[in-house]
Structures are given as C-alpha cells and as structure tokens.
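This is query-v4.pdb. It holds PDB, C-alpha atoms and all ligand atoms.
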```
ATOM      1  CA  MET A  30       3.703   1.202 -27.700  1.00  0.00           C
ATOM      2  CA  LYS A  31       3.642  -1.723 -25.265  1.00  0.00           C
ATOM      3  CA  SER A  32       0.629  -0.588 -23.255  1.00  0.00           C
ATOM      4  CA  VAL A  33      -2.014   2.111 -23.455  1.00  0.00           C
ATOM      5  CA  ASN A  34      -1.218   5.555 -22.019  1.00  0.00           C
ATOM      6  CA  ILE A  35      -3.861   6.190 -19.402  1.00  0.00           C
ATOM      7  CA  ASN A  36      -5.174   9.753 -19.579  1.00  0.00           C
ATOM      8  CA  GLU A  37      -7.883  11.237 -17.306  1.00  0.00           C
ATOM      9  CA  GLN A  38     -10.680  10.144 -19.657  1.00  0.00           C
ATOM     10  CA  ILE A  39      -9.554   6.515 -19.830  1.00  0.00           C
ATOM     11  CA  TYR A  40      -8.931   6.443 -16.060  1.00  0.00           C
ATOM     12  CA  ASN A  41     -12.495   7.699 -15.524  1.00  0.00           C
ATOM     13  CA  TYR A  42     -13.833   5.126 -18.005  1.00  0.00           C
ATOM     14  CA  ILE A  43     -12.209   2.392 -15.897  1.00  0.00           C
ATOM     15  CA  VAL A  44     -13.078   3.596 -12.417  1.00  0.00           C
ATOM     16  CA  ASP A  45     -16.629   4.709 -13.266  1.00  0.00           C
ATOM     17  CA  ARG A  46     -17.345   1.121 -14.264  1.00  0.00           C
ATOM     18  CA  PHE A  47     -15.099  -0.973 -12.028  1.00  0.00           C
ATOM     19  CA  ALA A  48     -14.398   1.160  -8.940  1.00  0.00           C
ATOM     20  CA  PRO A  49     -17.358   3.537  -8.585  1.00  0.00           C
ATOM     21  CA  ASP A  50     -17.207   6.295  -5.998  1.00  0.00           C
ATOM     22  CA  GLU A  51     -18.955   5.805  -2.680  1.00  0.00           C
ATOM     23  CA  THR A  52     -19.924   8.440  -0.152  1.00  0.00           C
ATOM     24  CA  LEU A  53     -17.774   7.030   2.662  1.00  0.00           C
ATOM     25  CA  LEU A  54     -14.650   7.302   0.509  1.00  0.00           C
ATOM     26  CA  THR A  55     -15.449  10.728  -0.942  1.00  0.00           C
ATOM     27  CA  ASP A  56     -16.065  11.941   2.652  1.00  0.00           C
ATOM     28  CA  LEU A  57     -12.714  10.482   3.728  1.00  0.00           C
ATOM     29  CA  ILE A  58     -10.923  12.269   0.881  1.00  0.00           C
ATOM     30  CA  ALA A  59     -12.751  15.569   1.562  1.00  0.00           C
ATOM     31  CA  GLU A  60     -11.858  15.425   5.277  1.00  0.00           C
ATOM     32  CA  THR A  61      -8.225  14.566   4.468  1.00  0.00           C
ATOM     33  CA  GLU A  62      -8.051  17.634   2.209  1.00  0.00           C
ATOM     34  CA  LYS A  63      -9.816  19.891   4.740  1.00  0.00           C
ATOM     35  CA  LEU A  64      -7.272  18.949   7.418  1.00  0.00           C
ATOM     36  CA  GLU A  65      -4.476  19.796   4.967  1.00  0.00           C
ATOM     37  CA  ILE A  66      -3.170  16.237   5.032  1.00  0.00           C
ATOM     38  CA  PRO A  67      -1.512  15.464   1.668  1.00  0.00           C
ATOM     39  CA  LEU A  68      -3.860  13.701  -0.783  1.00  0.00           C
ATOM     40  CA  ILE A  69      -1.426  10.922  -1.628  1.00  0.00           C
ATOM     41  CA  HIS A  70      -3.645   7.861  -1.379  1.00  0.00           C
ATOM     42  CA  ILE A  71      -3.536   5.197  -4.094  1.00  0.00           C
ATOM     43  CA  SER A  72      -5.790   5.518  -7.133  1.00  0.00           C
ATOM     44  CA  ARG A  73      -9.259   3.935  -7.282  1.00  0.00           C
ATOM     45  CA  ASP A  74      -8.157   1.257  -9.761  1.00  0.00           C
ATOM     46  CA  GLN A  75      -5.176   0.378  -7.550  1.00  0.00           C
ATOM     47  CA  ALA A  76      -7.506   0.161  -4.551  1.00  0.00           C
ATOM     48  CA  LYS A  77      -9.862  -2.191  -6.398  1.00  0.00           C
ATOM     49  CA  PHE A  78      -6.862  -4.251  -7.506  1.00  0.00           C
ATOM     50  CA  ILE A  79      -5.592  -4.738  -3.931  1.00  0.00           C
ATOM     51  CA  TYR A  80      -9.104  -5.590  -2.741  1.00  0.00           C
ATOM     52  CA  LEU A  81      -9.408  -8.239  -5.482  1.00  0.00           C
ATOM     53  CA  THR A  82      -5.897  -9.549  -4.744  1.00  0.00           C
ATOM     54  CA  ALA A  83      -6.868 -10.147  -1.110  1.00  0.00           C
ATOM     55  CA  LYS A  84     -10.037 -11.930  -2.290  1.00  0.00           C
ATOM     56  CA  MET A  85      -8.219 -14.032  -4.917  1.00  0.00           C
ATOM     57  CA  MET A  86      -5.712 -15.158  -2.304  1.00  0.00           C
ATOM     58  CA  ASN A  87      -8.366 -15.911   0.286  1.00  0.00           C
ATOM     59  CA  ALA A  88      -6.200 -13.732   2.547  1.00  0.00           C
ATOM     60  CA  SER A  89      -6.805 -13.556   6.281  1.00  0.00           C
ATOM     61  CA  ASN A  90      -3.888 -11.466   7.533  1.00  0.00           C
ATOM     62  CA  ALA A  91      -2.585  -8.324   5.893  1.00  0.00           C
ATOM     63  CA  LEU A  92       0.018  -5.723   6.815  1.00  0.00           C
ATOM     64  CA  GLU A  93       0.054  -2.182   5.449  1.00  0.00           C
ATOM     65  CA  ILE A  94       2.981   0.221   5.777  1.00  0.00           C
ATOM     66  CA  GLY A  95       1.657   3.807   5.443  1.00  0.00           C
ATOM     67  CA  THR A  96      -1.996   4.170   6.455  1.00  0.00           C
ATOM     68  CA  LEU A  97      -2.513   7.880   5.698  1.00  0.00           C
ATOM     69  CA  THR A  98      -6.246   8.330   6.434  1.00  0.00           C
ATOM     70  CA  GLY A  99      -7.340   4.794   5.595  1.00  0.00           C
ATOM     71  CA  PHE A 100      -8.289   4.846   1.895  1.00  0.00           C
ATOM     72  CA  SER A 101      -6.196   1.830   0.871  1.00  0.00           C
ATOM     73  CA  GLY A 102      -6.666   0.165   4.267  1.00  0.00           C
ATOM     74  CA  ILE A 103     -10.456   0.116   3.879  1.00  0.00           C
ATOM     75  CA  HIS A 104     -10.085  -1.730   0.562  1.00  0.00           C
ATOM     76  CA  ILE A 105      -7.569  -4.238   1.925  1.00  0.00           C
ATOM     77  CA  ALA A 106      -9.624  -4.959   5.055  1.00  0.00           C
ATOM     78  CA  ARG A 107     -12.790  -5.411   2.990  1.00  0.00           C
ATOM     79  CA  GLY A 108     -10.970  -7.974   0.825  1.00  0.00           C
ATOM     80  CA  LEU A 109      -9.947 -10.143   3.791  1.00  0.00           C
ATOM     81  CA  ASN A 110     -11.873 -13.184   4.963  1.00  0.00           C
ATOM     82  CA  ASP A 111     -14.447 -12.795   7.726  1.00  0.00           C
ATOM     83  CA  GLY A 112     -12.446 -12.850  10.960  1.00  0.00           C
ATOM     84  CA  GLY A 113      -9.377 -11.624   9.047  1.00  0.00           C
ATOM     85  CA  LYS A 114      -7.175  -8.801  10.297  1.00  0.00           C
ATOM     86  CA  LEU A 115      -5.312  -5.854   8.794  1.00  0.00           C
ATOM     87  CA  VAL A 116      -2.419  -4.389  10.769  1.00  0.00           C
ATOM     88  CA  THR A 117      -1.665  -0.937   9.374  1.00  0.00           C
ATOM     89  CA  VAL A 118       1.278   1.240  10.419  1.00  0.00           C
ATOM     90  CA  GLU A 119       1.291   5.048  10.452  1.00  0.00           C
ATOM     91  CA  LEU A 120       3.812   7.502  11.885  1.00  0.00           C
ATOM     92  CA  GLU A 121       1.571  10.596  12.105  1.00  0.00           C
ATOM     93  CA  LYS A 122      -1.054  10.572  14.873  1.00  0.00           C
ATOM     94  CA  LYS A 123      -3.185  13.092  12.965  1.00  0.00           C
ATOM     95  CA  HIS A 124      -3.396  10.670  10.020  1.00  0.00           C
ATOM     96  CA  ALA A 125      -3.955   7.608  12.207  1.00  0.00           C
ATOM     97  CA  ASP A 126      -6.827   9.302  14.093  1.00  0.00           C
ATOM     98  CA  ILE A 127      -8.730  10.066  10.883  1.00  0.00           C
ATOM     99  CA  ALA A 128      -8.047   6.555   9.600  1.00  0.00           C
ATOM    100  CA  ALA A 129      -9.454   5.080  12.837  1.00  0.00           C
ATOM    101  CA  LYS A 130     -12.597   7.203  12.422  1.00  0.00           C
ATOM    102  CA  TYR A 131     -13.160   5.926   8.866  1.00  0.00           C
ATOM    103  CA  PHE A 132     -12.361   2.279   9.685  1.00  0.00           C
ATOM    104  CA  GLU A 133     -15.106   2.594  12.335  1.00  0.00           C
ATOM    105  CA  LYS A 134     -17.525   4.242   9.870  1.00  0.00           C
ATOM    106  CA  ALA A 135     -16.794   1.436   7.384  1.00  0.00           C
ATOM    107  CA  GLY A 136     -17.718  -1.163  10.018  1.00  0.00           C
ATOM    108  CA  LEU A 137     -14.130  -2.424  10.084  1.00  0.00           C
ATOM    109  CA  ARG A 138     -13.114  -1.547  13.647  1.00  0.00           C
ATOM    110  CA  ASP A 139     -12.666  -5.198  14.675  1.00  0.00           C
ATOM    111  CA  LYS A 140     -10.843  -6.048  11.457  1.00  0.00           C
ATOM    112  CA  VAL A 141      -8.148  -3.348  11.663  1.00  0.00           C
ATOM    113  CA  GLU A 142      -5.360  -2.596  14.135  1.00  0.00           C
ATOM    114  CA  ILE A 143      -3.438   0.658  13.711  1.00  0.00           C
ATOM    115  CA  MET A 144       0.161   0.789  14.960  1.00  0.00           C
ATOM    116  CA  ASN A 145       0.942   4.500  15.398  1.00  0.00           C
ATOM    117  CA  MET A 146       4.741   4.310  15.270  1.00  0.00           C
ATOM    118  CA  PRO A 147       7.704   4.315  12.852  1.00  0.00           C
ATOM    119  CA  ALA A 148       7.208   1.493  10.371  1.00  0.00           C
ATOM    120  CA  LEU A 149      10.659  -0.085  10.670  1.00  0.00           C
ATOM    121  CA  ASP A 150      10.199  -0.370  14.450  1.00  0.00           C
ATOM    122  CA  ALA A 151       6.722  -1.840  13.942  1.00  0.00           C
ATOM    123  CA  MET A 152       8.016  -4.406  11.441  1.00  0.00           C
ATOM    124  CA  LYS A 153      10.896  -5.393  13.735  1.00  0.00           C
ATOM    125  CA  LYS A 154       8.384  -5.849  16.579  1.00  0.00           C
ATOM    126  CA  LEU A 155       6.173  -8.049  14.364  1.00  0.00           C
ATOM    127  CA  VAL A 156       9.244 -10.084  13.304  1.00  0.00           C
ATOM    128  CA  SER A 157      10.207 -10.603  16.974  1.00  0.00           C
ATOM    129  CA  GLU A 158       6.664 -11.867  17.605  1.00  0.00           C
ATOM    130  CA  ASN A 159       7.089 -14.314  14.677  1.00  0.00           C
ATOM    131  CA  LYS A 160       4.042 -12.850  12.872  1.00  0.00           C
ATOM    132  CA  LYS A 161       3.345 -13.920   9.271  1.00  0.00           C
ATOM    133  CA  PHE A 162       1.059 -12.169   6.778  1.00  0.00           C
ATOM    134  CA  ASP A 163      -0.661 -13.341   3.588  1.00  0.00           C
ATOM    135  CA  LEU A 164      -0.582  -9.885   1.956  1.00  0.00           C
ATOM    136  CA  ILE A 165       1.799  -6.971   2.635  1.00  0.00           C
ATOM    137  CA  PHE A 166       1.311  -3.506   1.121  1.00  0.00           C
ATOM    138  CA  ILE A 167       4.148  -0.958   1.326  1.00  0.00           C
ATOM    139  CA  ASP A 168       3.308   2.708   0.688  1.00  0.00           C
ATOM    140  CA  ALA A 169       5.313   4.998   3.020  1.00  0.00           C
ATOM    141  CA  ASP A 170       8.633   6.929   2.918  1.00  0.00           C
ATOM    142  CA  LYS A 171      10.547   5.829  -0.166  1.00  0.00           C
ATOM    143  CA  THR A 172      14.089   5.842   1.242  1.00  0.00           C
ATOM    144  CA  SER A 173      13.069   3.056   3.637  1.00  0.00           C
ATOM    145  CA  TYR A 174      11.685   0.815   0.855  1.00  0.00           C
ATOM    146  CA  PRO A 175      14.689  -1.568   0.775  1.00  0.00           C
ATOM    147  CA  GLY A 176      14.374  -2.033   4.561  1.00  0.00           C
ATOM    148  CA  TYR A 177      10.588  -2.443   4.352  1.00  0.00           C
ATOM    149  CA  TYR A 178      10.990  -5.069   1.616  1.00  0.00           C
ATOM    150  CA  GLU A 179      13.576  -7.057   3.611  1.00  0.00           C
ATOM    151  CA  ASN A 180      11.367  -7.015   6.705  1.00  0.00           C
ATOM    152  CA  ALA A 181       8.342  -7.933   4.580  1.00  0.00           C
ATOM    153  CA  ILE A 182      10.200 -11.065   3.452  1.00  0.00           C
ATOM    154  CA  LYS A 183      10.782 -11.967   7.119  1.00  0.00           C
ATOM    155  CA  LEU A 184       7.046 -11.510   7.773  1.00  0.00           C
ATOM    156  CA  SER A 185       6.089 -13.762   4.820  1.00  0.00           C
ATOM    157  CA  HIS A 186       5.299 -17.411   4.226  1.00  0.00           C
ATOM    158  CA  LYS A 187       5.332 -19.285   0.912  1.00  0.00           C
ATOM    159  CA  GLY A 188       2.717 -17.587  -1.278  1.00  0.00           C
ATOM    160  CA  THR A 189       2.662 -14.241   0.549  1.00  0.00           C
ATOM    161  CA  VAL A 190       2.060 -11.364  -1.869  1.00  0.00           C
ATOM    162  CA  ILE A 191       4.093  -8.181  -1.320  1.00  0.00           C
ATOM    163  CA  ILE A 192       2.973  -5.041  -3.185  1.00  0.00           C
ATOM    164  CA  LEU A 193       4.914  -1.741  -3.225  1.00  0.00           C
ATOM    165  CA  ASP A 194       3.508   1.534  -4.588  1.00  0.00           C
ATOM    166  CA  ASN A 195       5.131   4.385  -6.541  1.00  0.00           C
ATOM    167  CA  MET A 196       7.553   2.094  -8.319  1.00  0.00           C
ATOM    168  CA  LEU A 197       7.295   4.136 -11.556  1.00  0.00           C
ATOM    169  CA  LYS A 198       7.777   7.483  -9.740  1.00  0.00           C
ATOM    170  CA  SER A 199       5.527   9.302 -12.235  1.00  0.00           C
ATOM    171  CA  GLY A 200       7.566   7.784 -15.081  1.00  0.00           C
ATOM    172  CA  ARG A 201      10.857   9.201 -13.716  1.00  0.00           C
ATOM    173  CA  VAL A 202      12.137   5.722 -12.841  1.00  0.00           C
ATOM    174  CA  ILE A 203      14.105   5.607 -16.127  1.00  0.00           C
ATOM    175  CA  GLU A 204      15.850   8.955 -15.481  1.00  0.00           C
ATOM    176  CA  ASP A 205      19.197   9.683 -13.855  1.00  0.00           C
ATOM    177  CA  ALA A 206      18.284  10.115 -10.180  1.00  0.00           C
ATOM    178  CA  GLY A 207      21.028  12.671  -9.514  1.00  0.00           C
ATOM    179  CA  ASP A 208      20.657  13.599  -5.860  1.00  0.00           C
ATOM    180  CA  ASP A 209      16.956  12.703  -5.630  1.00  0.00           C
ATOM    181  CA  ALA A 210      17.089  10.261  -2.692  1.00  0.00           C
ATOM    182  CA  ASP A 211      13.507   9.037  -3.197  1.00  0.00           C
ATOM    183  CA  LEU A 212      14.045   8.221  -6.877  1.00  0.00           C
ATOM    184  CA  LYS A 213      17.367   6.525  -6.075  1.00  0.00           C
ATOM    185  CA  ALA A 214      15.643   4.369  -3.455  1.00  0.00           C
ATOM    186  CA  ILE A 215      12.866   3.377  -5.874  1.00  0.00           C
ATOM    187  CA  GLN A 216      15.407   2.431  -8.563  1.00  0.00           C
ATOM    188  CA  PHE A 217      17.496   0.498  -6.021  1.00  0.00           C
ATOM    189  CA  THR A 218      14.382  -1.338  -4.778  1.00  0.00           C
ATOM    190  CA  ASN A 219      13.219  -2.242  -8.307  1.00  0.00           C
ATOM    191  CA  ASP A 220      16.672  -3.683  -9.038  1.00  0.00           C
ATOM    192  CA  LEU A 221      16.720  -5.524  -5.706  1.00  0.00           C
ATOM    193  CA  ILE A 222      13.263  -7.042  -6.224  1.00  0.00           C
ATOM    194  CA  SER A 223      13.780  -7.938  -9.887  1.00  0.00           C
ATOM    195  CA  LYS A 224      16.916  -9.950  -9.014  1.00  0.00           C
ATOM    196  CA  ASP A 225      15.644 -11.449  -5.763  1.00  0.00           C
ATOM    197  CA  GLU A 226      15.526 -15.237  -5.972  1.00  0.00           C
ATOM    198  CA  ARG A 227      13.274 -15.467  -2.900  1.00  0.00           C
ATOM    199  CA  THR A 228      10.361 -14.005  -4.885  1.00  0.00           C
ATOM    200  CA  GLU A 229       8.857 -13.853  -8.382  1.00  0.00           C
ATOM    201  CA  SER A 230       7.805 -10.329  -9.333  1.00  0.00           C
ATOM    202  CA  ILE A 231       6.471  -7.878 -11.879  1.00  0.00           C
ATOM    203  CA  LEU A 232       6.321  -4.077 -12.057  1.00  0.00           C
ATOM    204  CA  MET A 233       2.752  -3.239 -13.074  1.00  0.00           C
ATOM    205  CA  THR A 234       1.660  -0.081 -14.889  1.00  0.00           C
ATOM    206  CA  ILE A 235      -1.299   0.685 -12.644  1.00  0.00           C
ATOM    207  CA  GLY A 236      -1.497   4.075 -10.915  1.00  0.00           C
ATOM    208  CA  ASP A 237       2.073   5.156 -10.125  1.00  0.00           C
ATOM    209  CA  GLY A 238       3.292   1.571 -10.537  1.00  0.00           C
ATOM    210  CA  PHE A 239       2.917  -1.426  -8.274  1.00  0.00           C
ATOM    211  CA  THR A 240       5.600  -4.065  -7.930  1.00  0.00           C
ATOM    212  CA  LEU A 241       3.905  -7.319  -7.048  1.00  0.00           C
ATOM    213  CA  SER A 242       6.010 -10.141  -5.616  1.00  0.00           C
ATOM    214  CA  VAL A 243       5.004 -13.658  -4.682  1.00  0.00           C
ATOM    215  CA  VAL A 244       7.234 -15.258  -2.053  1.00  0.00           C
ATOM    216  CA  LYS A 245       8.574 -18.691  -3.083  1.00  0.00           C
TER     217      LYS A 245
HETATM  218  C1  LIG B 301       1.464   7.636   0.493  1.00  0.00           C
HETATM  219  S1  LIG B 301       0.833   7.800   2.120  1.00  0.00           S
HETATM  220  C2  LIG B 301      -0.070   6.292   2.330  1.00  0.00           C
HETATM  221  C3  LIG B 301      -1.319   6.254   1.512  1.00  0.00           C
HETATM  222  C4  LIG B 301      -2.257   5.122   1.867  1.00  0.00           C
HETATM  223  N1  LIG B 301      -1.590   3.837   1.709  1.00  0.00           N
HETATM  224  C5  LIG B 301      -3.469   5.165   0.966  1.00  0.00           C
HETATM  225  O1  LIG B 301      -3.335   4.813  -0.219  1.00  0.00           O
HETATM  226  O2  LIG B 301      -4.551   5.539   1.453  1.00  0.00           O
HETATM  227  C6  LIG B 301       2.238   7.538   3.109  1.00  0.00           C
HETATM  228  C7  LIG B 301       1.999   7.537   4.602  1.00  0.00           C
HETATM  229  O3  LIG B 301       3.150   6.969   5.225  1.00  0.00           O
HETATM  230  C8  LIG B 301       3.376   7.652   6.434  1.00  0.00           C
HETATM  231  N2  LIG B 301       4.786   7.477   6.809  1.00  0.00           N
HETATM  232  C9  LIG B 301       5.860   8.139   6.311  1.00  0.00           C
HETATM  233  N3  LIG B 301       6.987   7.691   6.913  1.00  0.00           N
HETATM  234  C10 LIG B 301       6.612   6.738   7.784  1.00  0.00           C
HETATM  235  C11 LIG B 301       7.324   5.919   8.696  1.00  0.00           C
HETATM  236  N4  LIG B 301       8.648   5.987   8.829  1.00  0.00           N
HETATM  237  N5  LIG B 301       6.622   5.048   9.450  1.00  0.00           N
HETATM  238  C12 LIG B 301       5.265   4.949   9.314  1.00  0.00           C
HETATM  239  N6  LIG B 301       4.544   5.715   8.473  1.00  0.00           N
HETATM  240  C13 LIG B 301       5.205   6.590   7.714  1.00  0.00           C
HETATM  241  C14 LIG B 301       3.006   9.100   6.119  1.00  0.00           C
HETATM  242  O4  LIG B 301       2.737   9.823   7.301  1.00  0.00           O
HETATM  243  C15 LIG B 301       1.796   8.913   5.207  1.00  0.00           C
HETATM  244  O5  LIG B 301       0.611   8.978   5.942  1.00  0.00           O
END
```
Here is the file; what I need is its structure written in the form of structure tokens.
Amino acid sequence: MKSVNINEQIYNYIVDRFAPDETLLTDLIAETEKLEIPLIHISRDQAKFIYLTAKMMNASNALEIGTLTGFSGIHIARGLNDGGKLVTVELEKKHADIAAKYFEKAGLRDKVEIMNMPALDAMKKLVSENKKFDLIFIDADKTSYPGYYENAIKLSHKGTVIILDNMLKSGRVIEDAGDDADLKAIQFTNDLISKDERTESILMTIGDGFTLSVVK
C-alpha cells in the first residue's frame, strides 16, 4: 500500500478538523440539490487545498473552468490577495445565476467575474486579450480537458499553477477505457501532462484526483 485508502470515516476525520462546514456552504449545497443541479462540486479537502495553494502562491489572478454553483470558486476567491480577481467560466445560466448569488452572499462580488459561455471560447477570448493567471483550475467537461490544458498554458506565466480535477476517475483511470470518451480523455490528458516539458506535475490522490502542474 503506497497511501492510505480514504473511507468516509477518515474523510470526516480530516474535514471535521481542517475544513469544517459553514452555513453559507451548506446552504449553497442544499440549494443546488433543491434545484436538481448535479452535486458534482469538489470535496471539502480539495477545496481547502486550492484555497491554501492560492495563499501559498500569493496569487492575485485565478481562472476557473466549470463554476457549477460556486463551491470551489468561493474557496479560490477567498485565497486570493486583497484586490485579486477570479474569472470563472460556466456554460449553464442556471448554474451561473446561483453561483453569482453565493459569491454575493460570501462578500466576493467584486472579487469574482463569471463568464457565462462555453469555456473554450472564453479561454480563446482571454488568450486574445493577452491575459495571464497565477492559478488555473479546470473542472468541466472531460473531453475538452486536452484543449483546456493547452489554453491554460497560453494563459500562464512562469510559476503559474494549473490544477485539473477528476484525474483518477473514481479509480477507473487504470482500466481499459473502451468507448468511454470521458475516461479516454482523462487518460490522454494524464499522459500529455506527465510528458509535457513545459511543466512539472504530479497526480495527487485527493478527492477524485488532482493533477497539479507548475509552469516552467
Ligand atoms: C464538475 S462541475 C464544476 C464544479 C465546481 N468546480 C465546484 O467544485 O464547485 C462542472 C461544470 O462545468 C460546466 N460545463 C460543462 N461543460 C462546459 C463548457 N463547455 N463550458 C463551460 N462550462 C461547462 C457544467 O455546466 C458544470 O456546472
């Protein structure tokens, strides 16, 4: 065994101590569920990890691909410097509207801009504007991950951290993907990132697996 298998009890041990629940976030999750929006936000330990990453880096500008209803975005924005900015991209207006409501409730309205459009278009627009980000978090449709990663590189400077979620695909990453397009895309992206000489990276066993890359 190379690392501990995290069951529900151990997960709770971690998050109860290091990422305790707060009413704003439990309300956000309850409203997401009530509106029948899929509950596919990152885990509480992942959220705390991204928050701390932003802090460690002294990050000012972050980009998120896949807002959902704002759970991860609230953590990223809170981790940014005062005066910092999170640009977060979401395709579904229903999701973006709830996210906007909770960014406001969290006191983050001035720190967050939501782009309600397809993420590849948003990234291309940001590239054309020569925007650069300190931290980029990718957590949307899996088949676009290779394209999101390539555009993330274009939106990076030396030292930018790029994090992608679901890189273990519930442990299925080692299986034959067959005709599972999402799993194929995750495997392709892991291979792409692990061999990419523009970055140094690791696949981390937190939540459903984060790859973390630092741009050289
Ligand atoms: C896994 S959820 C994001 C979860 C969020 N990062 C969190 O942890 O709170 C993925 C989101 O990506 C959005 N999405 C899917 N395809 C997209 C696309 N092409 N462009 C922008 N957003 C997309 C979905 O609507 C969904 O809200």
Applied to this file, what does the PyMOL selection byres (((chain A and resi 234-243) around 7) and not hetatm) return in terms of residues, put as an NGL selection string?
:A and (72 or 75 or 188-199 or 228-233 or 244-245)
Shell of 6 Å around range 109-112 of chain A, all atoms listed in the file, local chain residues under 5 positions omitted, as a PyMOL selection string
chain A and resi 83+88-89
Per residue of range 146-198 of chain A within 10 Å of range 221-224 of chain A, what are the shortest atom pair and its distance in Å to one decimal, counting all atoms listed in the file, with rows by chain and residue number, as CSV?
```
residue,atom,partner,partner_atom,distance
A:Pro175,CA,A:Leu221,CA,7.9
A:Tyr178,CA,A:Ile222,CA,8.4
A:Glu179,CA,A:Ile222,CA,9.8
```
May I have the residues from that selection written out with C-alpha atoms, as a short mmCIF file (atom, residue, chain, number, x, y, z; two decimals), keeping the file's coordinate frame?
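again07.cif, written as the output of this step:
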```
data_model
loop_
_atom_site.label_atom_id
_atom_site.label_comp_id
_atom_site.auth_asym_id
_atom_site.auth_seq_id
_atom_site.Cartn_x
_atom_site.Cartn_y
_atom_site.Cartn_z
CA PRO A 175 14.69 -1.57 0.78
CA TYR A 178 10.99 -5.07 1.62
CA GLU A 179 13.58 -7.06 3.61
#
```
Test item: residues no farther than 8 Å from ligand LIG 301 (chain B), counting all atoms listed in the file, as a ChimeraX atom specification = /A:69-72,76,93-102,118-121,124-125,145-149,166-170,173
The distance between CA of Gly200 in chain A and CA of Asn34 in chain A is 11.4 Å
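Counting from CA of Asn159 in chain A, the distance to CA of Glu226 in chain A is 22.3 Å.
Comparing the minimum interatomic distances between Met85 in chain A and each of A:Leu115, A:Val202, A:Leu164, A:Leu212, counting all atoms listed in the file, we find that A:Leu164 sits nearest.
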With distances taken over only C-alpha atoms, the candidate from A:Asp150, A:Ile143, A:Asp205, A:Asp74 nearest Asp50 in chain A is A:Asp74
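The nearest approach to Asp126 in chain A among the residues A:Ile66, A:Ile182, A:Met86, A:Ala214, with only C-alpha atoms taken into account, belongs to A:Ile66.
Near Lys161 in chain A, within 7 Å and counting only C-alpha atoms, sit Asn159, Asp163, Leu184, Ser185 and His186 of chain A; same-chain residues fewer than 2 positions away were not included.
Here CA of Gly176 in chain A is placed at a distance of 24.5 Å from CA of Ala128 in chain A.
Using all atoms listed in the file, the shortest contact distance between Gly113 in chain A and any of A:Glu158, A:Glu37, A:Glu133, A:Asp139 is found at A:Asp139.
Minimum atom-to-atom distance to Val141 in chain A, evaluated using all atoms listed in the file, belongs to A:Thr117 out of A:Gln216, A:Thr61, A:Ser157, A:Thr117.
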Give the centre and edge lengths of an axis-aligned box, in Å to one decimal, that holds all listed atoms of range 126-136 of chain A with 8 Å on each side, as AutoDock Vina command-line options.
```
--center_x -12.3 --center_y 4.5 --center_z 10.7 --size_x 26.9 --size_y 27.2 --size_z 22.7
```
Chain and number of each residue from the PyMOL selection byres (((chain A and resi 56) around 12) and not hetatm), as a list in words
Asp50, Glu51, Thr52, Leu53, Leu54, Thr55, Leu57, Ile58, Ala59, Glu60, Thr61, Glu62, Lys63, Thr98, Gly99, Phe100, Ile127, Ala128, Lys130, Tyr131, Lys134 and Ala135 of chain A
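In terms of minimum interatomic distance to Ala151 in chain A, A:Leu92 ranks closest within A:Ile203, A:Leu92, A:Ala129, A:Ile105, counting all atoms listed in the file.
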